[in-house]
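Enquirer: Pasting target.cif here (mmCIF, C-alpha atoms):
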```
data_run
#
loop_
_atom_site.label_atom_id
_atom_site.label_comp_id
_atom_site.auth_asym_id
_atom_site.auth_seq_id
_atom_site.Cartn_x
_atom_site.Cartn_y
_atom_site.Cartn_z
CA MET A 1 197.12 -141.40 151.39
CA ASP A 2 193.72 -140.68 152.95
CA GLN A 3 195.46 -139.80 156.20
CA PHE A 4 197.79 -137.42 154.32
CA ASN A 5 194.81 -135.74 152.64
CA ARG A 6 192.93 -135.39 155.92
CA THR A 7 195.95 -133.86 157.66
CA LEU A 8 196.31 -131.30 154.89
CA ALA A 9 192.56 -130.61 154.86
CA GLY A 10 192.73 -129.78 158.58
CA TRP A 11 194.96 -126.82 157.74
CA GLU A 12 192.63 -125.38 155.10
CA PRO A 13 191.30 -122.30 157.04
CA MET A 14 194.80 -121.20 158.09
CA VAL A 15 196.34 -121.81 154.67
CA LEU A 16 193.50 -119.79 153.09
CA SER A 17 194.63 -116.82 155.17
CA ILE A 18 198.31 -117.40 154.31
CA PHE A 19 197.34 -117.61 150.63
CA ARG A 20 195.37 -114.33 150.95
CA ILE A 21 198.30 -112.56 152.64
CA MET A 22 200.77 -113.76 149.95
CA VAL A 23 198.49 -112.71 147.08
CA GLY A 24 198.07 -109.34 148.80
CA LEU A 25 201.81 -108.85 149.32
CA LEU A 26 202.66 -109.81 145.75
CA LEU A 27 200.02 -107.39 144.37
CA PHE A 28 201.06 -104.67 146.84
CA GLN A 29 204.65 -104.68 145.51
CA TYR A 30 203.36 -103.72 142.03
CA GLY A 31 201.47 -100.79 143.54
CA VAL A 32 204.54 -99.74 145.54
CA ALA A 33 206.73 -99.99 142.42
CA LYS A 34 204.32 -97.91 140.32
CA ILE A 35 203.25 -95.22 142.81
CA LEU A 36 206.08 -95.02 145.37
CA THR A 37 208.73 -96.09 142.80
CA TYR A 38 210.34 -98.61 145.11
CA PRO A 39 212.09 -100.61 143.80
CA VAL A 40 212.97 -98.40 140.83
CA LEU A 41 211.94 -100.27 137.68
CA PRO A 42 212.75 -98.75 134.29
CA TYR A 43 209.44 -99.88 132.73
CA PHE A 44 207.42 -98.08 135.43
CA ALA A 45 209.13 -94.70 134.83
CA ASN A 46 206.81 -92.12 133.16
CA ILE A 47 203.76 -94.38 133.15
CA PRO A 48 200.47 -93.28 131.49
CA PRO A 49 197.40 -92.40 133.64
CA LEU A 50 195.76 -95.81 133.11
CA ILE A 51 198.75 -97.60 134.64
CA VAL A 52 198.85 -95.04 137.47
CA ALA A 53 195.21 -95.89 138.22
CA ALA A 54 196.13 -99.60 138.21
CA GLY A 55 199.00 -98.79 140.57
CA TRP A 56 196.66 -97.07 143.06
CA ILE A 57 194.26 -100.03 142.96
CA GLU A 58 197.15 -102.42 143.64
CA LEU A 59 198.60 -100.21 146.39
CA VAL A 60 195.38 -99.61 148.36
CA LEU A 61 193.47 -102.82 147.70
CA GLY A 62 196.64 -104.93 147.95
CA ALA A 63 197.20 -103.53 151.46
CA LEU A 64 193.57 -104.25 152.39
CA LEU A 65 193.98 -107.82 151.11
CA VAL A 66 197.08 -108.30 153.31
CA LEU A 67 195.08 -107.08 156.32
CA GLY A 68 192.03 -109.10 155.32
CA LEU A 69 189.72 -106.07 155.60
CA PHE A 70 186.63 -106.05 153.31
CA THR A 71 188.25 -109.09 151.65
CA ARG A 72 185.36 -110.04 149.35
CA PRO A 73 184.68 -106.72 147.57
CA VAL A 74 188.42 -105.90 147.55
CA ALA A 75 189.35 -109.23 145.96
CA PHE A 76 186.49 -108.88 143.47
CA VAL A 77 187.77 -105.49 142.27
CA LEU A 78 191.36 -106.76 142.10
CA SER A 79 190.22 -109.77 140.07
CA GLY A 80 188.57 -107.45 137.55
CA GLU A 81 191.63 -105.21 137.44
CA MET A 82 193.85 -108.20 136.68
CA ALA A 83 191.55 -109.42 133.91
CA PHE A 84 191.81 -105.93 132.43
CA ALA A 85 195.59 -106.00 132.88
CA TYR A 86 195.85 -109.35 131.11
CA PHE A 87 193.94 -108.30 128.01
CA MET A 88 195.22 -104.71 127.81
CA GLY A 89 198.80 -105.18 128.96
CA HIS A 90 199.64 -108.67 127.70
CA MET A 91 197.35 -110.22 125.12
CA PHE A 92 196.92 -107.02 123.05
CA LYS A 93 200.24 -105.46 124.05
CA ALA A 94 201.23 -105.11 120.39
CA GLY A 95 197.91 -103.48 119.38
CA PHE A 96 194.38 -104.77 118.91
CA GLY A 97 195.20 -106.13 115.47
CA ALA A 98 197.94 -108.42 116.77
CA PRO A 99 196.85 -110.47 119.77
CA VAL A 100 199.30 -112.96 121.30
CA PHE A 101 197.26 -115.90 122.58
CA ILE A 102 199.73 -118.04 124.56
CA PRO A 103 200.27 -116.58 128.05
CA LEU A 104 203.83 -117.92 128.17
CA LEU A 105 204.64 -115.80 125.11
CA ASN A 106 202.70 -112.66 126.04
CA GLY A 107 204.02 -112.70 129.63
CA GLY A 108 200.54 -112.70 131.13
CA ASN A 109 200.83 -115.78 133.40
CA GLY A 110 201.05 -113.65 136.53
CA ALA A 111 198.03 -111.53 135.59
CA ILE A 112 195.90 -114.64 134.92
CA LEU A 113 196.86 -116.33 138.17
CA PHE A 114 196.28 -113.13 140.17
CA CYS A 115 192.89 -112.77 138.45
CA PHE A 116 191.68 -116.25 139.38
CA ALA A 117 193.30 -116.25 142.84
CA CYS A 118 191.44 -113.01 143.64
CA LEU A 119 188.22 -114.40 142.16
CA TYR A 120 188.52 -117.36 144.51
CA LEU A 121 189.30 -115.10 147.48
CA ALA A 122 186.22 -113.00 146.60
CA CYS A 123 184.15 -116.18 147.04
CA ALA A 124 185.97 -117.79 149.97
CA GLY A 125 186.64 -114.66 152.03
CA GLY A 126 189.63 -113.85 154.23
CA GLY A 127 189.97 -116.99 156.31
CA VAL A 128 190.62 -117.17 160.05
CA TRP A 129 193.59 -114.80 160.27
CA SER A 130 192.01 -111.58 159.00
CA VAL A 131 190.52 -108.31 160.25
CA ASP A 132 187.19 -109.47 158.80
CA ALA A 133 187.21 -112.53 161.07
CA MET A 134 188.27 -110.49 164.12
CA MET A 135 185.42 -108.01 163.57
CA ARG A 136 182.90 -110.82 163.21
CA LYS A 137 183.93 -112.32 166.57
CA ARG A 138 183.30 -109.10 168.51
CA MET B 1 176.79 -109.61 147.68
CA ASN B 2 178.93 -111.55 150.14
CA ASP B 3 176.40 -114.40 150.41
CA THR B 4 176.08 -114.68 146.63
CA LEU B 5 179.86 -114.85 146.28
CA ALA B 6 180.18 -117.33 149.14
CA ALA B 7 177.74 -119.69 147.44
CA TRP B 8 180.13 -119.93 144.48
CA THR B 9 183.16 -120.94 146.59
CA PRO B 10 183.25 -124.67 145.68
CA ARG B 11 182.95 -124.01 141.97
CA ALA B 12 185.43 -121.12 142.09
CA LEU B 13 187.86 -123.53 143.77
CA SER B 14 187.59 -125.92 140.82
CA VAL B 15 188.05 -123.04 138.35
CA LEU B 16 191.15 -121.87 140.23
CA ARG B 17 192.54 -125.43 140.16
CA ILE B 18 191.94 -125.83 136.41
CA ILE B 19 193.52 -122.44 135.60
CA THR B 20 196.52 -123.15 137.83
CA GLY B 21 196.98 -126.52 136.12
CA LEU B 22 196.73 -124.97 132.66
CA LEU B 23 199.28 -122.29 133.50
CA ILE B 24 201.72 -124.79 135.02
CA ILE B 25 201.42 -127.28 132.15
CA GLN B 26 202.56 -124.51 129.76
CA HIS B 27 205.92 -124.38 131.53
CA GLY B 28 206.24 -128.16 131.33
CA MET B 29 205.31 -128.22 127.63
CA ALA B 30 207.75 -125.42 126.80
CA LYS B 31 210.56 -127.29 128.56
CA ILE B 32 209.88 -130.89 127.48
CA ILE B 33 207.83 -130.79 124.25
CA GLY B 34 209.29 -127.51 123.00
CA PHE B 35 205.90 -125.87 122.41
CA PRO B 36 205.70 -122.95 122.51
CA ALA B 37 209.34 -122.51 121.49
CA VAL B 38 211.03 -120.41 124.16
CA ALA B 39 214.62 -119.41 123.43
CA MET B 40 215.63 -119.95 127.07
CA PHE B 41 214.68 -123.66 126.93
CA ALA B 42 216.04 -124.40 123.42
CA LYS B 43 219.08 -126.43 124.56
CA LEU B 44 217.50 -128.01 127.62
CA GLN B 45 218.82 -131.44 128.71
CA PRO B 46 215.90 -133.66 129.81
CA LEU B 47 218.01 -135.21 132.59
CA SER B 48 219.01 -131.92 134.15
CA LEU B 49 217.46 -130.15 137.13
CA ILE B 50 215.35 -127.92 134.86
CA GLY B 51 214.37 -131.00 132.84
CA ALA B 52 213.13 -132.70 136.00
CA ALA B 53 211.15 -129.55 136.85
CA GLY B 54 209.66 -129.71 133.35
CA PHE B 55 208.45 -133.31 133.85
CA ILE B 56 206.91 -132.40 137.22
CA GLU B 57 205.13 -129.43 135.63
CA LEU B 58 203.96 -131.47 132.61
CA ILE B 59 202.55 -134.41 134.57
CA GLY B 60 201.53 -132.50 137.70
CA GLY B 61 199.88 -129.77 135.64
CA ALA B 62 197.88 -132.34 133.65
CA LEU B 63 196.71 -134.09 136.84
CA LEU B 64 195.77 -130.72 138.34
CA ILE B 65 193.61 -129.87 135.31
CA LEU B 66 191.82 -133.22 135.61
CA GLY B 67 191.58 -132.91 139.37
CA LEU B 68 193.04 -136.38 139.91
CA PHE B 69 195.00 -137.00 143.18
CA THR B 70 194.75 -133.23 143.64
CA GLN B 71 196.04 -132.96 147.19
CA PRO B 72 199.34 -134.87 146.86
CA VAL B 73 199.91 -133.48 143.32
CA ALA B 74 199.40 -129.88 144.47
CA PHE B 75 201.64 -130.51 147.47
CA ILE B 76 204.49 -131.68 145.20
CA LEU B 77 203.97 -128.77 142.78
CA SER B 78 204.01 -126.33 145.69
CA GLY B 79 207.34 -127.73 146.82
CA GLU B 80 208.73 -127.62 143.29
CA MET B 81 207.75 -123.96 142.95
CA ALA B 82 209.35 -123.09 146.29
CA PHE B 83 212.50 -124.76 145.00
CA ALA B 84 212.17 -122.84 141.71
CA TYR B 85 211.77 -119.54 143.55
CA PHE B 86 214.90 -119.97 145.66
CA MET B 87 217.09 -121.74 143.07
CA GLY B 88 215.99 -119.97 139.92
CA HIS B 89 215.15 -116.50 141.16
CA MET B 90 216.36 -115.50 144.60
CA PHE B 91 219.81 -117.11 144.23
CA LYS B 92 220.07 -116.81 140.44
CA THR B 93 223.35 -114.98 140.80
CA ASP B 94 225.79 -115.56 143.65
CA ALA B 95 224.34 -112.71 145.70
CA PRO B 96 220.73 -113.25 146.81
CA VAL B 97 218.12 -110.83 145.42
CA PHE B 98 215.36 -110.50 148.03
CA HIS B 99 212.72 -108.47 146.20
CA PRO B 100 210.47 -110.67 143.99
CA LEU B 101 209.95 -107.83 141.49
CA LEU B 102 213.71 -107.60 140.99
CA ASN B 103 214.49 -111.32 140.92
CA GLY B 104 211.49 -112.10 138.68
CA GLY B 105 210.12 -114.69 141.08
CA THR B 106 206.64 -113.23 141.69
CA LEU B 107 204.99 -115.90 139.55
CA ALA B 108 206.89 -118.76 141.20
CA ALA B 109 205.87 -117.48 144.65
CA LEU B 110 202.25 -117.18 143.56
CA TYR B 111 202.25 -120.73 142.07
CA CYS B 112 203.81 -122.02 145.30
CA PHE B 113 201.12 -120.58 147.57
CA THR B 114 198.23 -121.33 145.19
CA CYS B 115 199.28 -124.98 145.05
CA LEU B 116 199.79 -125.05 148.83
CA TYR B 117 196.22 -123.87 149.23
CA LEU B 118 194.93 -126.40 146.68
CA SER B 119 196.75 -129.16 148.57
CA THR B 120 194.68 -128.35 151.66
CA ALA B 121 191.35 -127.44 150.00
CA GLY B 122 191.28 -130.28 147.47
CA ALA B 123 189.87 -130.23 143.98
CA GLY B 124 186.32 -128.93 144.41
CA PRO B 125 183.19 -130.36 142.79
CA TRP B 126 184.34 -130.25 139.14
CA SER B 127 187.11 -132.85 139.29
CA VAL B 128 187.90 -136.53 138.79
CA ASP B 129 188.48 -136.79 142.55
CA ALA B 130 184.91 -135.65 143.24
CA SER B 131 183.37 -137.94 140.61
CA MET B 132 185.32 -140.92 141.99
CA LYS B 133 184.13 -140.16 145.50
CA LYS B 134 180.52 -140.26 144.26
CA ALA B 135 180.92 -143.55 142.40
#
```
What do you get writing this file as structure tokens?
Expert:
Amino acid sequence: MDQFNRTLAGWEPMVLSIFRIMVGLLLFQYGVAKILTYPVLPYFANIPPLIVAAGWIELVLGALLVLGLFTRPVAFVLSGEMAFAYFMGHMFKAGFGAPVFIPLLNGGNGAILFCFACLYLACAGGGVWSVDAMMRKR
Amino acid sequence: MNDTLAAWTPRALSVLRIITGLLIIQHGMAKIIGFPAVAMFAKLQPLSLIGAAGFIELIGGALLILGLFTQPVAFILSGEMAFAYFMGHMFKTDAPVFHPLLNGGTLAALYCFTCLYLSTAGAGPWSVDASMKKA
């Protein structure tokens, strides 16, 4: 089992970059759905300005996260946005008087995991396969 | 700012692991223990494919929270979530749906890659693994 763990640990820098790219792509699709309306989702038609702002953050910063450019500040902002999204859009969806506490019931699992994944990326940086790493080498 | 954030990496890794474990154990509890009651899992057979997924999520999620055997546990959970994405979301109907927003598999994909990363990075300093290494 130690050998198994060591083999996996050897892949850590590369998998960090793969993880960053996947988190970026998954966030980017929400921005694309909200701002560019692809794919067309009925619940993102006629969205209020706050959700439009969230969409721009996801579109621009999601793309930067995929590229791995300015990873730390970008991931930090995205983490905050997702915390906001969890409380505003999921926990207090039914109004501030009626919070729903279990994420499985308020549908906020994705927002929580995005929040903490981005928080970790803000600390760990973009990994080896990123524009940040390429610029550091030069 | 970058140096301050970088100094928190090991602890942030443990926080990410605990949160991932807590989120995954919810799915296991909803399937196996029936709390919280989710209509979709009301008539679940424990010895079905979804039942097996529930046991993996229940036990694997608990071990991930504790940070015990983190690397193999996260590796198995990552594989389970890849399975869940393709079986339960992409090929839910006969025709494959490729866009995660349309097939509802965003969360499964995110669990899959988070667990894959945890399987390489390990549990971080706040874990049973780390306290056993010290002892």
Enquirer: I'd like the residues picked by the PyMOL selection byres ((chain A) within 9 of (chain B)) written out as a ChimeraX atom specification, using the chain letters and numbers from the file.
Expert: /A:1,4-13,15-16,18-19,22-23,26,29-30,33,39,41,72-73,102-105,109-110,112-114,116-117,119-125
Enquirer: Please identify all polymer residues within 8 Å of Gly21 (chain B), counting only C-alpha atoms, omitting same-chain residues fewer than 3 positions from it, and present them as a list in words.
Expert: Arg17, Ile18, Ile24, Ile25, Gly60, Gly61, Ala62, Leu63, Leu64 and Ile65 of chain B
Enquirer: Applying the PyMOL selection byres ((chain B and resi 127-130) around 8) to the file I just gave you, which residues come out? Please list them as a PDB file with C-alpha atoms, in the coordinates of the input.
Expert:
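Saved as out28.pdb:
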```
ATOM      1  CA  SER B  14     187.590-125.920 140.820  1.00  0.00           C
ATOM      2  CA  LEU B  66     191.820-133.220 135.610  1.00  0.00           C
ATOM      3  CA  GLY B  67     191.580-132.910 139.370  1.00  0.00           C
ATOM      4  CA  LEU B  68     193.040-136.380 139.910  1.00  0.00           C
ATOM      5  CA  PHE B  69     195.000-137.000 143.180  1.00  0.00           C
ATOM      6  CA  THR B  70     194.750-133.230 143.640  1.00  0.00           C
ATOM      7  CA  ALA B 123     189.870-130.230 143.980  1.00  0.00           C
ATOM      8  CA  GLY B 124     186.320-128.930 144.410  1.00  0.00           C
ATOM      9  CA  PRO B 125     183.190-130.360 142.790  1.00  0.00           C
ATOM     10  CA  TRP B 126     184.340-130.250 139.140  1.00  0.00           C
ATOM     11  CA  SER B 131     183.370-137.940 140.610  1.00  0.00           C
ATOM     12  CA  MET B 132     185.320-140.920 141.990  1.00  0.00           C
ATOM     13  CA  LYS B 133     184.130-140.160 145.500  1.00  0.00           C
ATOM     14  CA  LYS B 134     180.520-140.260 144.260  1.00  0.00           C
TER      15      LYS B 134
END
```
Enquirer: Would you pick out the contacts of Leu65 (chain A) at 9 Å or less, using only C-alpha atoms, so that residues sharing its chain but fewer than 3 positions from it are not included, and give the list as a PyMOL selection string?
Expert: chain A and resi 20-21+23-25+28+60-62+68-71+74-75+126+130
Enquirer: How big is the axis-aligned box around the listed atoms of region 19-28 of chain B once 5 Å is added on each side, and where is its centre? Give both in Å to one decimal, as AutoDock Vina command-line options.
Expert:
```
--center_x 199.9 --center_y -125.2 --center_z 133.8 --size_x 22.7 --size_y 15.9 --size_z 18.1
```
Enquirer: Sorted by chain and rising residue number, list the residues of region 77-117 of chain B at most 12 Å from region 48-53 of chain B (counting all atoms listed in the file), each with its closest atom pair and distance in Å to one decimal, as JSON lines.
Expert:
```
{"residue": "B:Leu77", "atom": "CA", "partner": "B:Ala53", "partner_atom": "CA", "distance": 9.3}
{"residue": "B:Ser78", "atom": "CA", "partner": "B:Ala53", "partner_atom": "CA", "distance": 11.8}
{"residue": "B:Gly79", "atom": "CA", "partner": "B:Ala53", "partner_atom": "CA", "distance": 10.8}
{"residue": "B:Glu80", "atom": "CA", "partner": "B:Ala53", "partner_atom": "CA", "distance": 7.1}
{"residue": "B:Met81", "atom": "CA", "partner": "B:Ala53", "partner_atom": "CA", "distance": 8.9}
{"residue": "B:Ala82", "atom": "CA", "partner": "B:Ala53", "partner_atom": "CA", "distance": 11.6}
{"residue": "B:Phe83", "atom": "CA", "partner": "B:Ala53", "partner_atom": "CA", "distance": 9.5}
{"residue": "B:Ala84", "atom": "CA", "partner": "B:Ala53", "partner_atom": "CA", "distance": 8.3}
{"residue": "B:Met87", "atom": "CA", "partner": "B:Leu49", "partner_atom": "CA", "distance": 10.3}
{"residue": "B:Gly88", "atom": "CA", "partner": "B:Ile50", "partner_atom": "CA", "distance": 9.4}
```
Enquirer: Enter the distance from CA of Ile59 (chain B) to CA of His89 (chain B), in Å, rounded to one decimal.
Expert: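 Answer for the CA of Ile59 (chain B) to CA of His89 (chain B) separation: 22.9 Å.
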Enquirer: What is the distance, in Å and to one decimal place, between CA of Met14 (chain A) and CA of Val128 (chain A)?
Expert: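 So the answer is 6.1 Å.
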Enquirer: How many Å lie between CA of Val73 (chain B) and CA of Gly105 (chain B), rounded to one decimal?
Expert: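 Those two atoms sit 21.5 Å apart.
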Enquirer: If we count all atoms listed in the file, what is near Gly54 (chain B) at a cut-off of 8 Å, once residues fewer than 5 positions away on the same chain are taken out, given as a ChimeraX atom specification?
Expert: /B:27-29,31-32
Enquirer: Report as a PyMOL selection string the full result of the PyMOL selection byres ((chain A and resi 44) around 12) when it is applied to this structure.
Expert: (chain A and resi 30-43+45-49+51-52+54-55) or (chain B and resi 101)
Enquirer: With distances taken over only C-alpha atoms, which residue among B:Ile33, B:Met90, B:Met40, B:Ala95 lies nearest Glu57 (chain B)?
Expert: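 Ranking B:Ile33, B:Met90, B:Met40, B:Ala95 by distance to Glu57 (chain B), first place goes to B:Ile33.
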